[in-house]
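> I'm passing along run-v9.cif; it holds mmCIF, C-alpha atoms.
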```cif
data_entry
loop_
_atom_site.group_PDB
_atom_site.id
_atom_site.type_symbol
_atom_site.label_atom_id
_atom_site.label_comp_id
_atom_site.auth_asym_id
_atom_site.auth_seq_id
_atom_site.Cartn_x
_atom_site.Cartn_y
_atom_site.Cartn_z
ATOM 1 C CA MET A 10 -12.366 -82.037 44.098
ATOM 2 C CA ASN A 11 -15.314 -84.390 43.623
ATOM 3 C CA TYR A 12 -18.905 -83.260 43.962
ATOM 4 C CA PRO A 13 -21.494 -85.471 45.668
ATOM 5 C CA GLY A 14 -23.090 -87.848 43.176
ATOM 6 C CA LEU A 15 -20.472 -87.274 40.478
ATOM 7 C CA ASP A 16 -17.686 -89.706 39.664
ATOM 8 C CA PHE A 17 -15.305 -87.135 38.176
ATOM 9 C CA THR A 18 -13.484 -84.029 39.274
ATOM 10 C CA GLN A 19 -13.868 -80.495 38.052
ATOM 11 C CA ALA A 20 -10.421 -80.825 36.456
ATOM 12 C CA GLU A 21 -11.509 -83.931 34.522
ATOM 13 C CA LEU A 22 -14.595 -82.161 33.204
ATOM 14 C CA ARG A 23 -12.563 -79.090 32.281
ATOM 15 C CA ALA A 24 -10.022 -81.235 30.403
ATOM 16 C CA ALA A 25 -12.736 -83.082 28.482
ATOM 17 C CA MET A 26 -14.445 -79.822 27.560
ATOM 18 C CA ALA A 27 -11.168 -78.260 26.420
ATOM 19 C CA SER A 28 -10.367 -81.268 24.259
ATOM 20 C CA TYR A 29 -13.814 -81.282 22.669
ATOM 21 C CA TYR A 30 -13.669 -77.522 22.053
ATOM 22 C CA ASP A 31 -10.342 -78.100 20.315
ATOM 23 C CA ASP A 32 -12.126 -80.555 18.005
ATOM 24 C CA LEU A 33 -14.820 -77.992 17.206
ATOM 25 C CA LEU A 34 -12.255 -75.264 16.613
ATOM 26 C CA GLU A 35 -10.287 -77.527 14.305
ATOM 27 C CA PHE A 36 -13.455 -78.175 12.272
ATOM 28 C CA VAL A 37 -14.582 -74.540 11.968
ATOM 29 C CA SER A 38 -11.021 -73.345 11.282
ATOM 30 C CA THR A 39 -10.590 -75.294 8.058
ATOM 31 C CA ASP A 40 -10.214 -73.184 4.925
ATOM 32 C CA GLU A 41 -13.370 -74.739 3.499
ATOM 33 C CA PHE A 42 -15.522 -73.939 6.525
ATOM 34 C CA ARG A 43 -14.120 -70.430 6.781
ATOM 35 C CA SER A 44 -14.949 -69.869 3.098
ATOM 36 C CA LEU A 45 -18.503 -71.116 3.689
ATOM 37 C CA TYR A 46 -18.857 -68.789 6.675
ATOM 38 C CA ARG A 47 -17.581 -65.801 4.667
ATOM 39 C CA THR A 48 -20.163 -66.625 1.963
ATOM 40 C CA LEU A 49 -22.914 -66.772 4.612
ATOM 41 C CA MET A 50 -21.951 -63.487 6.216
ATOM 42 C CA ALA A 51 -21.650 -61.715 2.844
ATOM 43 C CA LEU A 52 -25.384 -62.262 2.385
ATOM 44 C CA PRO A 53 -27.897 -59.733 3.705
ATOM 45 C CA PRO A 54 -28.956 -60.744 7.243
ATOM 46 C CA SER A 55 -32.461 -61.683 6.076
ATOM 47 C CA GLU A 56 -31.067 -64.195 3.534
ATOM 48 C CA ARG A 57 -28.803 -65.997 5.982
ATOM 49 C CA PRO A 58 -31.452 -68.278 7.570
ATOM 50 C CA THR A 59 -32.325 -69.723 4.154
ATOM 51 C CA PHE A 60 -28.637 -70.282 3.366
ATOM 52 C CA VAL A 61 -28.247 -72.082 6.690
ATOM 53 C CA GLU A 62 -31.234 -74.308 5.956
ATOM 54 C CA THR A 63 -30.348 -75.089 2.340
ATOM 55 C CA VAL A 64 -26.560 -75.240 2.532
ATOM 56 C CA ILE A 65 -25.132 -75.475 6.040
ATOM 57 C CA LEU A 66 -27.636 -78.102 7.211
ATOM 58 C CA SER A 67 -27.235 -80.139 4.001
ATOM 59 C CA SER A 68 -24.521 -82.798 4.105
ATOM 60 C CA LYS A 69 -24.510 -82.917 0.294
ATOM 61 C CA GLU A 70 -24.071 -79.141 -0.019
ATOM 62 C CA LEU A 71 -21.276 -79.249 2.542
ATOM 63 C CA GLU A 72 -19.553 -82.133 0.761
ATOM 64 C CA ASP A 73 -19.827 -80.229 -2.538
ATOM 65 C CA ARG A 74 -17.880 -77.440 -0.822
ATOM 66 C CA GLY A 75 -15.218 -79.829 0.474
ATOM 67 C CA ILE A 76 -16.531 -79.874 4.052
ATOM 68 C CA ARG A 77 -16.785 -83.235 5.791
ATOM 69 C CA VAL A 78 -18.515 -83.017 9.144
ATOM 70 C CA PRO A 79 -16.958 -85.550 11.554
ATOM 71 C CA GLU A 80 -19.444 -88.156 12.795
ATOM 72 C CA ASP A 81 -19.157 -86.895 16.371
ATOM 73 C CA ILE A 82 -19.928 -83.268 15.476
ATOM 74 C CA LEU A 83 -23.479 -82.065 14.970
ATOM 75 C CA VAL A 84 -24.405 -79.007 12.905
ATOM 76 C CA GLN A 85 -27.829 -77.702 13.875
ATOM 77 C CA THR A 86 -29.995 -74.656 14.354
ATOM 78 C CA SER A 87 -30.785 -73.536 17.875
ATOM 79 C CA ALA A 88 -32.414 -70.746 19.843
ATOM 80 C CA PHE A 89 -31.760 -69.008 23.142
ATOM 81 C CA GLY A 90 -34.241 -67.558 25.599
ATOM 82 C CA ASP A 91 -32.515 -64.189 25.534
ATOM 83 C CA ARG A 92 -33.415 -64.022 21.822
ATOM 84 C CA ARG A 93 -29.922 -63.672 20.384
ATOM 85 C CA PRO A 94 -30.392 -64.261 16.627
ATOM 86 C CA THR A 95 -28.815 -67.697 16.340
ATOM 87 C CA LEU A 96 -28.124 -68.937 12.825
ATOM 88 C CA PHE A 97 -26.573 -72.320 13.646
ATOM 89 C CA ALA A 98 -24.252 -74.119 16.006
ATOM 90 C CA VAL A 99 -21.661 -76.860 15.834
ATOM 91 C CA LYS A 100 -21.901 -79.211 18.795
ATOM 92 C CA LYS A 101 -20.089 -82.173 20.255
ATOM 93 C CA PHE A 102 -21.492 -84.293 23.063
ATOM 94 C CA LEU A 103 -19.225 -85.023 25.998
ATOM 95 C CA PRO A 104 -18.792 -88.613 27.170
ATOM 96 C CA GLU A 105 -21.851 -89.935 29.012
ATOM 97 C CA LYS A 106 -20.105 -89.890 32.395
ATOM 98 C CA PHE A 107 -20.175 -86.069 32.379
ATOM 99 C CA HIS A 108 -23.842 -85.638 31.425
ATOM 100 C CA ARG A 109 -25.097 -85.185 34.975
ATOM 101 C CA ALA A 110 -23.097 -81.941 35.052
ATOM 102 C CA TRP A 111 -22.620 -80.929 31.400
ATOM 103 C CA GLU A 112 -23.828 -82.577 28.187
ATOM 104 C CA ASN A 113 -22.033 -80.869 25.317
ATOM 105 C CA VAL A 114 -19.833 -78.093 24.074
ATOM 106 C CA ASN A 115 -20.726 -75.921 21.129
ATOM 107 C CA ILE A 116 -19.784 -72.949 19.050
ATOM 108 C CA THR A 117 -22.758 -70.818 18.082
ATOM 109 C CA PHE A 118 -22.901 -68.561 15.038
ATOM 110 C CA PHE A 119 -25.197 -65.536 15.176
ATOM 111 C CA ASN A 120 -26.780 -63.152 12.742
ATOM 112 C CA ASP A 121 -25.794 -59.508 13.167
ATOM 113 C CA PHE A 122 -27.025 -57.960 16.398
ATOM 114 C CA ASP A 123 -26.150 -55.240 18.856
ATOM 115 C CA ASP A 124 -25.130 -56.594 22.273
ATOM 116 C CA GLU A 125 -27.174 -53.816 23.870
ATOM 117 C CA THR A 126 -30.373 -55.374 22.470
ATOM 118 C CA VAL A 127 -29.859 -58.659 24.329
ATOM 119 C CA PRO A 128 -31.813 -58.478 27.571
ATOM 120 C CA ASN A 129 -29.941 -59.341 30.738
ATOM 121 C CA ASP A 130 -32.767 -58.893 33.226
ATOM 122 C CA PRO A 131 -33.960 -62.201 34.742
ATOM 123 C CA GLU A 132 -37.484 -61.949 33.308
ATOM 124 C CA ASN A 133 -36.368 -61.637 29.676
ATOM 125 C CA ALA A 134 -32.952 -63.284 29.643
ATOM 126 C CA TRP A 135 -34.269 -66.595 30.989
ATOM 127 C CA ARG A 136 -37.514 -67.033 29.045
ATOM 128 C CA LEU A 137 -38.200 -70.122 26.957
ATOM 129 C CA PRO A 138 -36.550 -69.988 23.515
ATOM 130 C CA LEU A 139 -38.634 -69.442 20.421
ATOM 131 C CA PRO A 140 -39.242 -72.517 18.282
ATOM 132 C CA VAL A 141 -36.259 -72.672 15.923
ATOM 133 C CA ALA A 142 -38.340 -72.641 12.724
ATOM 134 C CA LEU A 143 -40.235 -69.567 13.938
ATOM 135 C CA GLN A 144 -37.009 -67.829 14.915
ATOM 136 C CA GLN A 145 -35.503 -68.481 11.476
ATOM 137 C CA ALA A 146 -38.669 -67.191 9.748
ATOM 138 C CA LEU A 147 -38.611 -64.031 11.873
ATOM 139 C CA LEU A 148 -34.936 -63.454 11.058
ATOM 140 C CA ALA A 149 -35.629 -64.021 7.345
ATOM 141 C CA ASN A 150 -38.321 -61.339 7.506
ATOM 142 C CA GLY A 151 -36.212 -58.856 9.465
ATOM 143 C CA ILE A 152 -38.437 -59.006 12.539
ATOM 144 C CA ASP A 153 -36.882 -58.185 15.903
ATOM 145 C CA LEU A 154 -36.928 -61.376 17.976
ATOM 146 C CA ASN A 155 -37.560 -59.373 21.137
ATOM 147 C CA SER A 156 -40.834 -58.064 19.684
ATOM 148 C CA VAL A 157 -42.374 -61.556 19.862
ATOM 149 C CA SER A 158 -44.513 -62.453 22.852
ATOM 150 C CA ASN A 159 -42.941 -64.557 25.581
ATOM 151 C CA ASP A 160 -45.994 -66.840 25.344
ATOM 152 C CA ILE A 161 -44.629 -68.279 22.089
ATOM 153 C CA GLY A 162 -41.588 -69.878 23.762
ATOM 154 C CA MET A 163 -41.065 -73.564 23.088
ATOM 155 C CA THR A 164 -41.617 -76.160 25.750
ATOM 156 C CA LEU A 165 -38.993 -78.677 26.708
ATOM 157 C CA ASN A 166 -40.140 -82.277 27.068
ATOM 158 C CA ARG A 167 -37.744 -83.767 29.571
#
```
As structure tokens, please, write out the structure in this file.


Amino acid sequence: MNYPGLDFTQAELRAAMASYYDDLLEFVSTDEFRSLYRTLMALPPSERPTFVETVILSSKELEDRGIRVPEDILVQTSAFGDRRPTLFAVKKFLPEKFHRAWENVNITFFNDFDDETVPNDPENAWRLPLPVALQQALLANGIDLNSVSNDIGMTLNR
């Protein structure tokens, strides 16, 4: 089935996404990455944002731990409008032809949180995300992300 204005089928998009997810899973399933993740999660929750910034986002630190990030995989911090406490994500962009429908696939790693604290009402689940640096500072100080005003959400320049 083709959708108007798109030059690919739903099946083609699904296959591309599955293949790219396989690449991400292969990367995060290596012994070296799993060891890094265990080290991260052994830290107190308030220390994890600093570890992400100083180790996980550092190509040198990763290389020192035997982790080589493929050129087509991006490791980055991110934030969601529903205020889940995101630590970092691994992302891979889909081929350009799919970008009108879907740009990338990713695996997101979160700090500890209770699913019940994530709002699912439209007003709070779909607000603008916090700026990533602010979110990481709040997490490092043990501040509940949902206690921050919605007026602080970041703007998207598109």

> Apply the PyMOL selection byres ((chain A and resi 32) around 12) to the file shown and report the selected residues as a list in words.

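Given this file, the PyMOL selection byres ((chain A and resi 32) around 12) evaluates to Ala25, Met26, Ala27, Ser28, Tyr29, Tyr30, Asp31, Leu33, Leu34, Glu35, Phe36, Val37, Ser38, Thr39, Val78, Pro79, Glu80, Asp81, Ile82, Leu83, Val99, Lys100, Lys101, Phe102, Leu103, Val114, Asn115 and Ile116 of chain A.
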
> Using only C-alpha atoms for the distances, tell me which of A:Pro131, A:Arg136, A:Glu21, A:Pro94 is nearest to Pro54 in chain A.

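Nearest candidate to Pro54 in chain A out of A:Pro131, A:Arg136, A:Glu21, A:Pro94: A:Pro94.
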
> Could you list as an MDAnalysis selection string every residue that has an atom within 12 Å of (-31.6, -67.0, 1.1), using the file's coordinates and counting only C-alpha atoms?

chainID A and resid 48:65 145:146 148:150

> Interatomic distance between CA of Phe122 in chain A and CA of Ala134 in chain A?

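Result for CA of Phe122 in chain A versus CA of Ala134 in chain A: 15.5 Å, one decimal.
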
> What does the structure give for the distance between CA of Ala142 in chain A and CA of Ala88 in chain A, in Å to one decimal?

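Value for the CA of Ala142 in chain A-CA of Ala88 in chain A distance: 9.5 Å.
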
> Which residues come within 12 Å of Asp160 in chain A, counting all atoms listed in the file, excluding same-chain residues fewer than 4 positions away, as a list in words?

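Once the adjacent positions are removed, what remains is Gly90, Asn133, Arg136, Leu137, Pro138, Leu139, Pro140, Ser156 and Thr164 of chain A.
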
> In Å, rounded to a single decimal, give me how far CA of Asp40 in chain A is from CA of Glu72 in chain A.

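Computed distance, CA of Glu72 in chain A to CA of Asp40 in chain A, equals 13.6 Å.
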
> Which neighbours of Phe118 in chain A fall inside 7 Å, counting all atoms listed in the file, when residues of the same chain fewer than 4 positions from it are skipped, and could you give them as a list in words?

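Neighbouring residues, sequence-local ones excluded: Thr95, Leu96, Phe97 and Ala98 of chain A.
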
> Nearest residue to His108 in chain A out of A:Ser44, A:Leu15, A:Leu71, A:Asp153, using all atoms listed in the file?

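Looking at the shortest contact to His108 in chain A, the residue is A:Leu15.
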
> Between A:Phe107, A:Trp135, A:Phe89, A:Phe119, which residue has the minimum interatomic distance to Thr18 in chain A, considering all atoms listed in the file?

A:Phe107

> Find the residues near Arg92 in chain A: any atom within 7 Å, counting all atoms listed in the file, skip ones fewer than 6 places away on the same chain, and give them as a list in words.

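In the requested format, the answer is Val127, Pro138, Leu154 and Asn155 of chain A.
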
> Taking all atoms listed in the file into account, name the residue in A:Ser67, A:Asn120, A:Asn113, A:Asn159 that is nearest to Glu132 in chain A.

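Of the candidates, the smallest distance to Glu132 in chain A is held by A:Asn159.
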
> Run the PyMOL selection byres ((chain A and resi 17) around 12) on the file and write out the hits as an MDAnalysis selection string.

chainID A and resid 10:16 18:25 104:111

> Next, the residues of the selection above should be written as a PDB file, in the coordinates of the input with C-alpha atoms.


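Final output, saved to selection_20.pdb:
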```pdb
ATOM      1  CA  MET A  10     -12.366 -82.037  44.098  1.00  0.00           C
ATOM      2  CA  ASN A  11     -15.314 -84.390  43.623  1.00  0.00           C
ATOM      3  CA  TYR A  12     -18.905 -83.260  43.962  1.00  0.00           C
ATOM      4  CA  PRO A  13     -21.494 -85.471  45.668  1.00  0.00           C
ATOM      5  CA  GLY A  14     -23.090 -87.848  43.176  1.00  0.00           C
ATOM      6  CA  LEU A  15     -20.472 -87.274  40.478  1.00  0.00           C
ATOM      7  CA  ASP A  16     -17.686 -89.706  39.664  1.00  0.00           C
ATOM      8  CA  THR A  18     -13.484 -84.029  39.274  1.00  0.00           C
ATOM      9  CA  GLN A  19     -13.868 -80.495  38.052  1.00  0.00           C
ATOM     10  CA  ALA A  20     -10.421 -80.825  36.456  1.00  0.00           C
ATOM     11  CA  GLU A  21     -11.509 -83.931  34.522  1.00  0.00           C
ATOM     12  CA  LEU A  22     -14.595 -82.161  33.204  1.00  0.00           C
ATOM     13  CA  ARG A  23     -12.563 -79.090  32.281  1.00  0.00           C
ATOM     14  CA  ALA A  24     -10.022 -81.235  30.403  1.00  0.00           C
ATOM     15  CA  ALA A  25     -12.736 -83.082  28.482  1.00  0.00           C
ATOM     16  CA  PRO A 104     -18.792 -88.613  27.170  1.00  0.00           C
ATOM     17  CA  GLU A 105     -21.851 -89.935  29.012  1.00  0.00           C
ATOM     18  CA  LYS A 106     -20.105 -89.890  32.395  1.00  0.00           C
ATOM     19  CA  PHE A 107     -20.175 -86.069  32.379  1.00  0.00           C
ATOM     20  CA  HIS A 108     -23.842 -85.638  31.425  1.00  0.00           C
ATOM     21  CA  ARG A 109     -25.097 -85.185  34.975  1.00  0.00           C
ATOM     22  CA  ALA A 110     -23.097 -81.941  35.052  1.00  0.00           C
ATOM     23  CA  TRP A 111     -22.620 -80.929  31.400  1.00  0.00           C
TER      24      TRP A 111
END
```

> Can we get range 128-141 of chain A of that structure written down with all heavy atoms, as a short mmCIF file (atom, residue, chain, number, x, y, z; two decimals), in the first residue's frame?


```cif
data_model
loop_
_atom_site.label_atom_id
_atom_site.label_comp_id
_atom_site.auth_asym_id
_atom_site.auth_seq_id
_atom_site.Cartn_x
_atom_site.Cartn_y
_atom_site.Cartn_z
N PRO A 128 2.97 11.11 33.05
CA PRO A 128 1.61 11.54 32.72
C PRO A 128 1.18 11.01 31.35
O PRO A 128 1.98 10.94 30.42
CB PRO A 128 1.69 13.06 32.71
CG PRO A 128 3.13 13.39 32.57
CD PRO A 128 3.92 12.23 33.08
N ASN A 129 -0.07 10.63 31.26
CA ASN A 129 -0.60 10.19 29.97
C ASN A 129 -1.80 11.03 29.53
O ASN A 129 -2.41 10.74 28.52
CB ASN A 129 -0.95 8.70 29.99
CG ASN A 129 -1.95 8.33 31.06
OD1 ASN A 129 -2.60 9.20 31.64
ND2 ASN A 129 -2.06 7.05 31.34
N ASP A 130 -2.09 12.09 30.28
CA ASP A 130 -3.15 12.99 29.85
C ASP A 130 -2.59 13.91 28.76
O ASP A 130 -1.40 14.23 28.77
CB ASP A 130 -3.67 13.82 31.03
CG ASP A 130 -2.61 14.70 31.64
OD1 ASP A 130 -1.68 14.15 32.29
OD2 ASP A 130 -2.66 15.93 31.45
N PRO A 131 -3.42 14.31 27.80
CA PRO A 131 -2.92 15.10 26.66
C PRO A 131 -2.19 16.39 27.05
O PRO A 131 -1.21 16.76 26.42
CB PRO A 131 -4.18 15.41 25.86
CG PRO A 131 -5.14 14.33 26.22
CD PRO A 131 -4.83 13.98 27.66
N GLU A 132 -2.62 17.04 28.11
CA GLU A 132 -2.01 18.32 28.48
C GLU A 132 -0.56 18.15 28.95
O GLU A 132 0.30 18.97 28.67
CB GLU A 132 -2.82 19.00 29.58
CG GLU A 132 -2.27 20.36 29.97
CD GLU A 132 -3.15 21.05 31.00
OE1 GLU A 132 -4.38 20.88 30.95
OE2 GLU A 132 -2.58 21.76 31.84
N ASN A 133 -0.28 17.07 29.67
CA ASN A 133 1.06 16.89 30.23
C ASN A 133 1.92 15.89 29.47
O ASN A 133 3.14 15.95 29.56
CB ASN A 133 0.97 16.47 31.70
CG ASN A 133 0.49 17.61 32.56
OD1 ASN A 133 1.03 18.71 32.49
ND2 ASN A 133 -0.54 17.38 33.35
N ALA A 134 1.31 14.99 28.74
CA ALA A 134 2.11 14.01 28.00
C ALA A 134 2.67 14.60 26.71
O ALA A 134 3.67 14.12 26.20
CB ALA A 134 1.26 12.78 27.68
N TRP A 135 2.08 15.65 26.21
CA TRP A 135 2.49 16.22 24.92
C TRP A 135 3.06 17.62 25.03
O TRP A 135 3.08 18.37 24.08
CB TRP A 135 1.30 16.21 23.95
CG TRP A 135 0.89 14.82 23.65
CD1 TRP A 135 -0.18 14.16 24.17
CD2 TRP A 135 1.56 13.88 22.81
NE1 TRP A 135 -0.22 12.87 23.71
CE2 TRP A 135 0.84 12.67 22.86
CE3 TRP A 135 2.69 13.94 22.02
CZ2 TRP A 135 1.22 11.53 22.16
CZ3 TRP A 135 3.08 12.81 21.31
CH2 TRP A 135 2.35 11.63 21.39
N ARG A 136 3.57 17.99 26.18
CA ARG A 136 4.19 19.31 26.34
C ARG A 136 5.59 19.31 25.70
O ARG A 136 6.16 18.25 25.41
CB ARG A 136 4.25 19.70 27.80
CG ARG A 136 5.03 18.72 28.65
CD ARG A 136 4.75 18.92 30.11
NE ARG A 136 5.01 17.63 30.75
CZ ARG A 136 4.93 17.41 32.02
NH1 ARG A 136 4.57 18.37 32.83
NH2 ARG A 136 5.18 16.23 32.52
N LEU A 137 6.15 20.49 25.52
CA LEU A 137 7.49 20.59 24.96
C LEU A 137 8.49 20.00 25.94
O LEU A 137 8.37 20.18 27.15
CB LEU A 137 7.84 22.05 24.67
CG LEU A 137 7.06 22.69 23.52
CD1 LEU A 137 7.36 24.18 23.44
CD2 LEU A 137 7.39 22.02 22.21
N PRO A 138 9.49 19.27 25.44
CA PRO A 138 10.51 18.71 26.33
C PRO A 138 11.31 19.80 27.03
O PRO A 138 11.43 20.92 26.53
CB PRO A 138 11.41 17.92 25.38
CG PRO A 138 10.63 17.74 24.13
CD PRO A 138 9.69 18.91 24.04
N LEU A 139 11.88 19.44 28.16
CA LEU A 139 12.80 20.34 28.84
C LEU A 139 14.09 20.41 28.02
O LEU A 139 14.46 19.45 27.35
CB LEU A 139 13.14 19.81 30.23
CG LEU A 139 12.01 19.75 31.24
CD1 LEU A 139 12.47 19.02 32.51
CD2 LEU A 139 11.53 21.14 31.58
N PRO A 140 14.80 21.53 28.09
CA PRO A 140 16.14 21.54 27.48
C PRO A 140 16.98 20.42 28.10
O PRO A 140 16.93 20.20 29.31
CB PRO A 140 16.68 22.92 27.84
CG PRO A 140 15.45 23.76 28.05
CD PRO A 140 14.45 22.82 28.67
N VAL A 141 17.72 19.72 27.28
CA VAL A 141 18.44 18.52 27.73
C VAL A 141 19.39 18.85 28.89
O VAL A 141 19.44 18.11 29.88
CB VAL A 141 19.19 17.86 26.56
CG1 VAL A 141 20.06 16.73 27.05
CG2 VAL A 141 18.19 17.34 25.53
#
```
